[in-house]
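Novice: Below is my_file-v9.pdb; it holds PDB, C-alpha atoms, pLDDT in the B column.
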```pdb
MODEL        1
ATOM      1  CA  MET A   1     -26.050 -14.648  -7.652  1.00 66.00           C
ATOM      2  CA  ASN A   2     -27.154 -13.867  -4.126  1.00 78.00           C
ATOM      3  CA  PRO A   3     -24.129 -12.650  -2.106  1.00 77.00           C
ATOM      4  CA  LYS A   4     -25.284 -14.764   0.851  1.00 81.00           C
ATOM      5  CA  HIS A   5     -24.430 -17.845  -1.196  1.00 83.00           C
ATOM      6  CA  ILE A   6     -20.859 -16.805  -2.024  1.00 85.00           C
ATOM      7  CA  GLN A   7     -18.342 -19.087  -0.356  1.00 86.00           C
ATOM      8  CA  ILE A   8     -14.739 -17.876  -0.080  1.00 85.00           C
ATOM      9  CA  LYS A   9     -13.550 -21.469  -0.594  1.00 87.00           C
ATOM     10  CA  ASP A  10     -14.955 -21.302  -4.139  1.00 87.00           C
ATOM     11  CA  TYR A  11     -12.287 -18.728  -4.936  1.00 87.00           C
ATOM     12  CA  ASN A  12      -9.316 -20.725  -3.640  1.00 88.00           C
ATOM     13  CA  TYR A  13      -7.020 -22.128  -6.281  1.00 86.00           C
ATOM     14  CA  ALA A  14      -3.507 -23.507  -6.518  1.00 88.00           C
ATOM     15  CA  LEU A  15      -0.939 -20.885  -7.442  1.00 84.00           C
ATOM     16  CA  PRO A  16       2.522 -22.443  -7.613  1.00 88.00           C
ATOM     17  CA  ASP A  17       5.246 -20.106  -6.371  1.00 87.00           C
ATOM     18  CA  GLU A  18       7.204 -20.494  -9.619  1.00 88.00           C
ATOM     19  CA  ARG A  19       4.238 -18.994 -11.538  1.00 85.00           C
ATOM     20  CA  ILE A  20       4.310 -15.745  -9.567  1.00 85.00           C
ATOM     21  CA  ALA A  21       6.255 -12.859 -11.097  1.00 85.00           C
ATOM     22  CA  LYS A  22       8.306 -11.724  -8.101  1.00 86.00           C
ATOM     23  CA  PHE A  23       9.729  -8.659  -9.870  1.00 85.00           C
ATOM     24  CA  PRO A  24       8.547  -6.625 -12.870  1.00 83.00           C
ATOM     25  CA  LEU A  25      10.275  -6.960 -16.229  1.00 84.00           C
ATOM     26  CA  ALA A  26      13.055  -4.482 -16.951  1.00 84.00           C
ATOM     27  CA  GLN A  27      11.228  -3.563 -20.186  1.00 88.00           C
ATOM     28  CA  ARG A  28       7.877  -2.694 -18.615  1.00 83.00           C
ATOM     29  CA  ASP A  29       5.860  -2.656 -21.860  1.00 86.00           C
ATOM     30  CA  SER A  30       6.862  -6.286 -22.474  1.00 89.00           C
ATOM     31  CA  SER A  31       4.635  -7.408 -19.608  1.00 88.00           C
ATOM     32  CA  LYS A  32       1.847  -9.860 -20.364  1.00 90.00           C
ATOM     33  CA  LEU A  33      -1.519  -8.509 -21.441  1.00 91.00           C
ATOM     34  CA  LEU A  34      -4.652 -10.610 -20.982  1.00 93.00           C
ATOM     35  CA  VAL A  35      -7.210  -9.708 -23.646  1.00 93.00           C
ATOM     36  CA  TYR A  36     -10.913 -10.537 -23.454  1.00 92.00           C
ATOM     37  CA  ASN A  37     -12.725  -9.794 -26.701  1.00 87.00           C
ATOM     38  CA  ARG A  38     -16.243 -11.012 -27.561  1.00 88.00           C
ATOM     39  CA  GLY A  39     -15.971 -14.139 -25.436  1.00 92.00           C
ATOM     40  CA  GLN A  40     -12.428 -14.968 -26.551  1.00 92.00           C
ATOM     41  CA  VAL A  41      -9.445 -14.812 -24.192  1.00 94.00           C
ATOM     42  CA  GLU A  42      -5.889 -14.478 -25.461  1.00 93.00           C
ATOM     43  CA  GLU A  43      -2.479 -13.493 -24.169  1.00 94.00           C
ATOM     44  CA  ASN A  44      -0.370 -10.777 -25.703  1.00 94.00           C
ATOM     45  CA  ARG A  45       2.137  -8.122 -24.637  1.00 94.00           C
ATOM     46  CA  PHE A  46       1.309  -4.707 -23.208  1.00 91.00           C
ATOM     47  CA  ASN A  47       3.113  -2.927 -26.050  1.00 93.00           C
ATOM     48  CA  HIS A  48       0.383  -4.284 -28.381  1.00 94.00           C
ATOM     49  CA  LEU A  49      -2.399  -2.566 -26.414  1.00 91.00           C
ATOM     50  CA  PRO A  50      -2.939   0.206 -29.017  1.00 91.00           C
ATOM     51  CA  SER A  51      -3.940  -2.386 -31.626  1.00 92.00           C
ATOM     52  CA  TYR A  52      -6.893  -3.423 -29.428  1.00 90.00           C
ATOM     53  CA  LEU A  53      -8.234   0.072 -28.792  1.00 91.00           C
ATOM     54  CA  PRO A  54     -10.971   1.432 -31.042  1.00 90.00           C
ATOM     55  CA  LYS A  55     -10.555   4.882 -32.539  1.00 92.00           C
ATOM     56  CA  GLY A  56     -11.510   7.587 -30.013  1.00 92.00           C
ATOM     57  CA  ALA A  57     -11.153   5.256 -27.021  1.00 92.00           C
ATOM     58  CA  LEU A  58     -10.944   6.952 -23.631  1.00 92.00           C
ATOM     59  CA  MET A  59      -7.853   5.979 -21.633  1.00 88.00           C
ATOM     60  CA  VAL A  60      -7.846   6.555 -17.868  1.00 88.00           C
ATOM     61  CA  PHE A  61      -4.461   6.373 -16.155  1.00 82.00           C
ATOM     62  CA  ASN A  62      -3.849   5.758 -12.474  1.00 80.00           C
ATOM     63  CA  ASN A  63      -1.113   8.271 -11.705  1.00 79.00           C
ATOM     64  CA  THR A  64      -1.010   7.678  -7.950  1.00 77.00           C
ATOM     65  CA  LYS A  65       2.195   6.515  -6.358  1.00 78.00           C
ATOM     66  CA  VAL A  66       2.232   3.666  -3.846  1.00 79.00           C
ATOM     67  CA  ILE A  67       3.386   5.145  -0.551  1.00 86.00           C
ATOM     68  CA  GLN A  68       5.514   3.483   2.107  1.00 88.00           C
ATOM     69  CA  ALA A  69       2.428   2.685   4.138  1.00 92.00           C
ATOM     70  CA  ARG A  70       3.662  -0.084   6.457  1.00 95.00           C
ATOM     71  CA  LEU A  71       5.005   1.138   9.805  1.00 97.00           C
ATOM     72  CA  ARG A  72       6.513  -1.158  12.414  1.00 95.00           C
ATOM     73  CA  PHE A  73       6.563  -0.307  16.115  1.00 96.00           C
ATOM     74  CA  ARG A  74       8.270  -2.377  18.815  1.00 92.00           C
ATOM     75  CA  LYS A  75       6.635  -2.257  22.257  1.00 90.00           C
ATOM     76  CA  GLU A  76       8.748  -2.271  25.414  1.00 86.00           C
ATOM     77  CA  THR A  77       7.599  -5.883  25.920  1.00 87.00           C
ATOM     78  CA  GLY A  78       9.220  -6.767  22.576  1.00 88.00           C
ATOM     79  CA  ALA A  79       5.912  -7.269  20.740  1.00 91.00           C
ATOM     80  CA  LEU A  80       5.950  -6.064  17.140  1.00 95.00           C
ATOM     81  CA  ILE A  81       2.926  -3.975  16.119  1.00 96.00           C
ATOM     82  CA  GLU A  82       2.475  -3.334  12.413  1.00 95.00           C
ATOM     83  CA  ILE A  83       0.403  -0.348  11.297  1.00 97.00           C
ATOM     84  CA  PHE A  84      -0.727  -0.244   7.685  1.00 96.00           C
ATOM     85  CA  ILE A  85      -2.048   3.217   6.817  1.00 96.00           C
ATOM     86  CA  LEU A  86      -5.063   3.163   4.498  1.00 95.00           C
ATOM     87  CA  GLU A  87      -6.603   6.616   4.171  1.00 95.00           C
ATOM     88  CA  PRO A  88      -6.186   9.980   5.850  1.00 96.00           C
ATOM     89  CA  ALA A  89      -8.560  10.825   8.701  1.00 97.00           C
ATOM     90  CA  CYS A  90      -7.298  14.292   9.640  1.00 97.00           C
ATOM     91  CA  PRO A  91      -6.645  16.196   7.474  1.00 97.00           C
ATOM     92  CA  VAL A  92      -8.718  14.116   5.050  1.00 96.00           C
ATOM     93  CA  GLU A  93      -7.001  15.275   1.848  1.00 94.00           C
ATOM     94  CA  TYR A  94      -3.889  13.245   0.997  1.00 91.00           C
ATOM     95  CA  GLN A  95      -1.734  16.172  -0.092  1.00 90.00           C
ATOM     96  CA  GLU A  96      -2.684  18.240   2.952  1.00 95.00           C
ATOM     97  CA  ASN A  97      -2.038  15.278   5.254  1.00 96.00           C
ATOM     98  CA  PHE A  98       1.422  14.625   3.784  1.00 94.00           C
ATOM     99  CA  ILE A  99       2.596  18.191   4.520  1.00 95.00           C
ATOM    100  CA  GLN A 100       1.640  18.107   8.230  1.00 97.00           C
ATOM    101  CA  ARG A 101       4.632  18.854  10.460  1.00 97.00           C
ATOM    102  CA  SER A 102       3.645  17.674  13.948  1.00 96.00           C
ATOM    103  CA  ARG A 103       0.465  15.558  13.851  1.00 97.00           C
ATOM    104  CA  CYS A 104      -1.999  13.772  11.607  1.00 98.00           C
ATOM    105  CA  ALA A 105      -4.434  10.860  11.774  1.00 98.00           C
ATOM    106  CA  TRP A 106      -5.083   7.900   9.476  1.00 98.00           C
ATOM    107  CA  PHE A 107      -7.470   4.986   9.271  1.00 97.00           C
ATOM    108  CA  CYS A 108      -5.243   1.926   9.511  1.00 97.00           C
ATOM    109  CA  LEU A 109      -5.121  -1.830   9.707  1.00 96.00           C
ATOM    110  CA  VAL A 110      -3.217  -2.992  12.765  1.00 96.00           C
ATOM    111  CA  GLY A 111      -1.262  -6.234  12.855  1.00 93.00           C
ATOM    112  CA  ASN A 112      -0.879  -7.931  16.248  1.00 93.00           C
ATOM    113  CA  LEU A 113      -3.646  -5.719  17.643  1.00 92.00           C
ATOM    114  CA  LYS A 114      -4.223  -8.031  20.607  1.00 92.00           C
ATOM    115  CA  LYS A 115      -0.767  -7.027  21.924  1.00 93.00           C
ATOM    116  CA  TRP A 116      -1.679  -3.315  21.788  1.00 92.00           C
ATOM    117  CA  LYS A 117      -4.289  -3.070  24.501  1.00 85.00           C
ATOM    118  CA  GLU A 118      -3.632   0.491  25.650  1.00 86.00           C
ATOM    119  CA  GLY A 119      -1.146   3.326  25.662  1.00 90.00           C
ATOM    120  CA  ALA A 120       0.813   4.930  22.877  1.00 95.00           C
ATOM    121  CA  LEU A 121       3.421   3.291  20.685  1.00 96.00           C
ATOM    122  CA  ARG A 122       6.707   5.142  20.259  1.00 96.00           C
ATOM    123  CA  GLN A 123       9.414   4.706  17.674  1.00 95.00           C
ATOM    124  CA  THR A 124      12.576   6.702  17.041  1.00 95.00           C
ATOM    125  CA  VAL A 125      13.075   7.540  13.391  1.00 95.00           C
ATOM    126  CA  VAL A 126      15.925   9.436  11.742  1.00 95.00           C
ATOM    127  CA  VAL A 127      14.657  12.062   9.296  1.00 95.00           C
ATOM    128  CA  ASN A 128      17.136  14.248   7.421  1.00 91.00           C
ATOM    129  CA  GLY A 129      19.863  13.253   9.882  1.00 92.00           C
ATOM    130  CA  LYS A 130      17.824  14.143  12.985  1.00 94.00           C
ATOM    131  CA  ALA A 131      16.367  11.547  15.387  1.00 95.00           C
ATOM    132  CA  ILE A 132      12.752  12.221  16.299  1.00 95.00           C
ATOM    133  CA  GLU A 133      10.196  10.229  18.245  1.00 96.00           C
ATOM    134  CA  LEU A 134       6.993   9.240  16.466  1.00 97.00           C
ATOM    135  CA  LYS A 135       4.053   8.520  18.743  1.00 97.00           C
ATOM    136  CA  ALA A 136       1.020   6.486  17.613  1.00 97.00           C
ATOM    137  CA  THR A 137      -2.196   6.447  19.664  1.00 97.00           C
ATOM    138  CA  ARG A 138      -5.242   4.296  18.965  1.00 95.00           C
ATOM    139  CA  ALA A 139      -8.551   6.104  18.689  1.00 93.00           C
ATOM    140  CA  GLU A 140     -11.934   4.760  17.595  1.00 91.00           C
ATOM    141  CA  THR A 141     -12.603   1.723  15.428  1.00 91.00           C
ATOM    142  CA  HIS A 142     -13.810   2.594  11.945  1.00 86.00           C
ATOM    143  CA  GLY A 143     -15.358  -0.508  10.311  1.00 89.00           C
ATOM    144  CA  THR A 144     -12.487  -2.974   9.972  1.00 89.00           C
ATOM    145  CA  SER A 145      -9.847  -0.289  10.483  1.00 95.00           C
ATOM    146  CA  HIS A 146      -8.733   1.850  13.409  1.00 97.00           C
ATOM    147  CA  ARG A 147      -8.091   5.561  13.560  1.00 97.00           C
ATOM    148  CA  ILE A 148      -4.497   6.111  14.615  1.00 98.00           C
ATOM    149  CA  ASP A 149      -3.323   9.550  15.718  1.00 98.00           C
ATOM    150  CA  PHE A 150       0.338  10.236  14.952  1.00 98.00           C
ATOM    151  CA  GLU A 151       2.363  12.946  16.719  1.00 98.00           C
ATOM    152  CA  TRP A 152       6.012  14.035  16.518  1.00 97.00           C
ATOM    153  CA  GLU A 153       8.057  17.069  17.449  1.00 92.00           C
ATOM    154  CA  ALA A 154       7.585  19.854  14.925  1.00 85.00           C
ATOM    155  CA  GLY A 155       9.939  19.697  11.978  1.00 89.00           C
ATOM    156  CA  PRO A 156       9.737  17.023   9.300  1.00 96.00           C
ATOM    157  CA  SER A 157       6.608  16.507   7.246  1.00 96.00           C
ATOM    158  CA  TRP A 158       4.518  13.348   7.467  1.00 96.00           C
ATOM    159  CA  ALA A 159       5.702  12.490   3.946  1.00 94.00           C
ATOM    160  CA  GLU A 160       9.333  12.673   5.135  1.00 95.00           C
ATOM    161  CA  ILE A 161       8.544  10.461   8.125  1.00 96.00           C
ATOM    162  CA  LEU A 162       6.909   7.857   5.878  1.00 95.00           C
ATOM    163  CA  GLU A 163       9.899   8.004   3.544  1.00 92.00           C
ATOM    164  CA  ALA A 164      12.297   7.414   6.461  1.00 94.00           C
ATOM    165  CA  MET A 165      10.323   4.863   8.491  1.00 95.00           C
ATOM    166  CA  GLY A 166       7.737   3.336   6.200  1.00 93.00           C
ATOM    167  CA  GLU A 167       8.004   0.228   4.111  1.00 91.00           C
ATOM    168  CA  LEU A 168       6.435  -0.306   0.700  1.00 87.00           C
ATOM    169  CA  PRO A 169       3.591  -2.818   1.198  1.00 84.00           C
ATOM    170  CA  ILE A 170       4.081  -5.440  -1.483  1.00 82.00           C
ATOM    171  CA  PRO A 171       1.438  -8.188  -1.699  1.00 82.00           C
ATOM    172  CA  PRO A 172       1.951 -11.176   0.632  1.00 80.00           C
ATOM    173  CA  TYR A 173       1.606 -13.674  -2.244  1.00 81.00           C
ATOM    174  CA  LEU A 174       4.973 -12.516  -3.590  1.00 83.00           C
ATOM    175  CA  ASN A 175       6.512 -14.438  -0.674  1.00 83.00           C
ATOM    176  CA  ARG A 176       9.467 -12.080  -0.325  1.00 83.00           C
ATOM    177  CA  GLN A 177      10.612  -9.072   1.644  1.00 85.00           C
ATOM    178  CA  THR A 178      10.357  -5.544   0.276  1.00 83.00           C
ATOM    179  CA  GLU A 179      13.582  -4.496  -1.440  1.00 82.00           C
ATOM    180  CA  GLU A 180      15.009  -1.043  -2.092  1.00 81.00           C
ATOM    181  CA  SER A 181      14.392  -1.474  -5.846  1.00 79.00           C
ATOM    182  CA  ASP A 182      10.633  -1.873  -5.164  1.00 72.00           C
ATOM    183  CA  LYS A 183      10.391   1.846  -4.355  1.00 72.00           C
ATOM    184  CA  GLU A 184      10.835   2.459  -8.079  1.00 76.00           C
ATOM    185  CA  THR A 185       9.858  -0.725  -9.900  1.00 73.00           C
ATOM    186  CA  TYR A 186       6.664  -1.462  -7.944  1.00 67.00           C
ATOM    187  CA  GLN A 187       5.172   1.842  -9.141  1.00 67.00           C
ATOM    188  CA  THR A 188       3.306   2.210 -12.420  1.00 68.00           C
ATOM    189  CA  VAL A 189       5.183   4.132 -15.111  1.00 68.00           C
ATOM    190  CA  TYR A 190       2.540   6.876 -14.754  1.00 62.00           C
ATOM    191  CA  SER A 191       2.921   7.373 -10.988  1.00 61.00           C
ATOM    192  CA  LYS A 192       3.413  10.965  -9.875  1.00 64.00           C
ATOM    193  CA  ILE A 193       1.061  11.768  -6.985  1.00 62.00           C
ATOM    194  CA  LYS A 194       1.493  10.067  -3.603  1.00 63.00           C
ATOM    195  CA  GLY A 195      -1.644   8.361  -2.425  1.00 58.00           C
ATOM    196  CA  SER A 196      -2.058   4.691  -3.346  1.00 52.00           C
TER     197      SER A 196
ENDMDL
END
```
Using structure tokens, write down the structure from this file.
Specialist:
Amino acid sequence: MNPKHIQIKDYNYALPDERIAKFPLAQRDSSKLLVYNRGQVEENRFNHLPSYLPKGALMVFNNTKVIQARLRFRKETGALIEIFILEPACPVEYQENFIQRSRCAWFCLVGNLKKWKEGALRQTVVVNGKAIELKATRAETHGTSHRIDFEWEAGPSWAEILEAMGELPIPPYLNRQTEESDKETYQTVYSKIKGS
């Protein structure tokens, strides 16, 4: 199919709210498993996955942890600006970026961008019992995202700032606010390394 002929409306479908799993099951391996095998589709449970794998199958696990990537800043005018961090710009390695103690930069999506015409955003955040000011400055546009430079007084790491100020970005189709339990239950059981 030629991509020029793809219409987004062809991918719209009704998804009743009552059919959306708002929270994961307590017994994670009891989650539904959709199996496609030689043209046949069936439903099963995740704990039956081994019975579908051929001998010597290669399993690849995503061990990244979803970070608290949604930051909210309130301008002096009252406008709410939401910054959703996507990938590190400086330093470019996730682990190196997370240990920065006074500045870093990320490529981000910005909600309510039209209200952030110029100047830096500032937000006070309490990290390890100490109030610090986080400053966010817009730099160049990078495709559909924007480079945002973050600065704060030396002390806490960027990872600690995200932990204190950030919000876990759950999908909008869940039609609910992020809850404290999501920090644990929204992760895969394999998650260890921050970076998703």
Novice: Residues picked by the PyMOL selection byres ((chain A and resi 21) around 12) here, as a list in words?
Specialist: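 Those residues are Leu15, Pro16, Asp17, Glu18, Arg19, Ile20, Lys22, Phe23, Pro24, Leu25, Ser31, Lys32, Pro171, Tyr173, Leu174, Asn175, Arg176 and Tyr186 of chain A.
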Novice: Can you write out as CSV which residues of range 43-132 of chain A fall within 6 Å of range 163-169 of chain A, alongside each residue's closest atom pair and its distance in Å to one decimal, counting only C-alpha atoms and ordering rows by chain and ascending residue number?
Specialist:
```
residue,atom,partner,partner_atom,distance
A:Gln68,CA,A:Leu168,CA,4.1
A:Ala69,CA,A:Gly166,CA,5.7
A:Arg70,CA,A:Glu167,CA,4.9
A:Leu71,CA,A:Gly166,CA,5.0
A:Val127,CA,A:Ala164,CA,5.9
```
Novice: Save out the residues we just selected, C-alpha atoms, as a PDB file, in the coordinates of the input.
Specialist:
```
ATOM      1  CA  GLN A  68       5.514   3.483   2.107  1.00 88.00           C
ATOM      2  CA  ALA A  69       2.428   2.685   4.138  1.00 92.00           C
ATOM      3  CA  ARG A  70       3.662  -0.084   6.457  1.00 95.00           C
ATOM      4  CA  LEU A  71       5.005   1.138   9.805  1.00 97.00           C
ATOM      5  CA  VAL A 127      14.657  12.062   9.296  1.00 95.00           C
TER       6      VAL A 127
END
```
Novice: To one decimal in Å, tell me the separation between CA of Asn37 in chain A and CA of Asn2 in chain A.
Specialist: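 Value for the CA of Asn37 in chain A-CA of Asn2 in chain A distance: 27.1 Å.
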Novice: Using all atoms of range 15-20 of chain A listed in the file and a margin of 8 Å per side, can you give the axis-aligned box centre and edge lengths in Å to one decimal, as lines of an AutoDock Vina configuration file?
Specialist:
```
center_x = 3.1
center_y = -19.1
center_z = -9.0
size_x = 24.1
size_y = 22.7
size_z = 21.2
```
Novice: Counting all atoms listed in the file, figure out which residue out of A:Ile99, A:Ile67, A:Ile6, A:Cys108 gets nearest to Leu86 in chain A.
Specialist: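 Once distances to Leu86 in chain A are computed over all atoms listed in the file, the minimum belongs to A:Cys108.
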Novice: Calculated over all atoms listed in the file, which of the candidates A:Glu133, A:Glu87, A:Glu96, A:Asp182 has the smallest distance to Trp152 in chain A?
Specialist: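 Ranked by minimum distance to Trp152 in chain A, first place goes to A:Glu133.
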Novice: Near Arg147 in chain A, within 7 Å and counting all atoms listed in the file, which residues show up once chain neighbours fewer than 4 positions away are dropped, as an MDAnalysis selection string?
Specialist: chainID A and resid 105:108 138:142
Novice: CA of Thr144 in chain A and CA of Gln100 in chain A are how many Å apart?
Specialist: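 Atom-to-atom, CA of Thr144 in chain A to CA of Gln100 in chain A, that is 25.4 Å.
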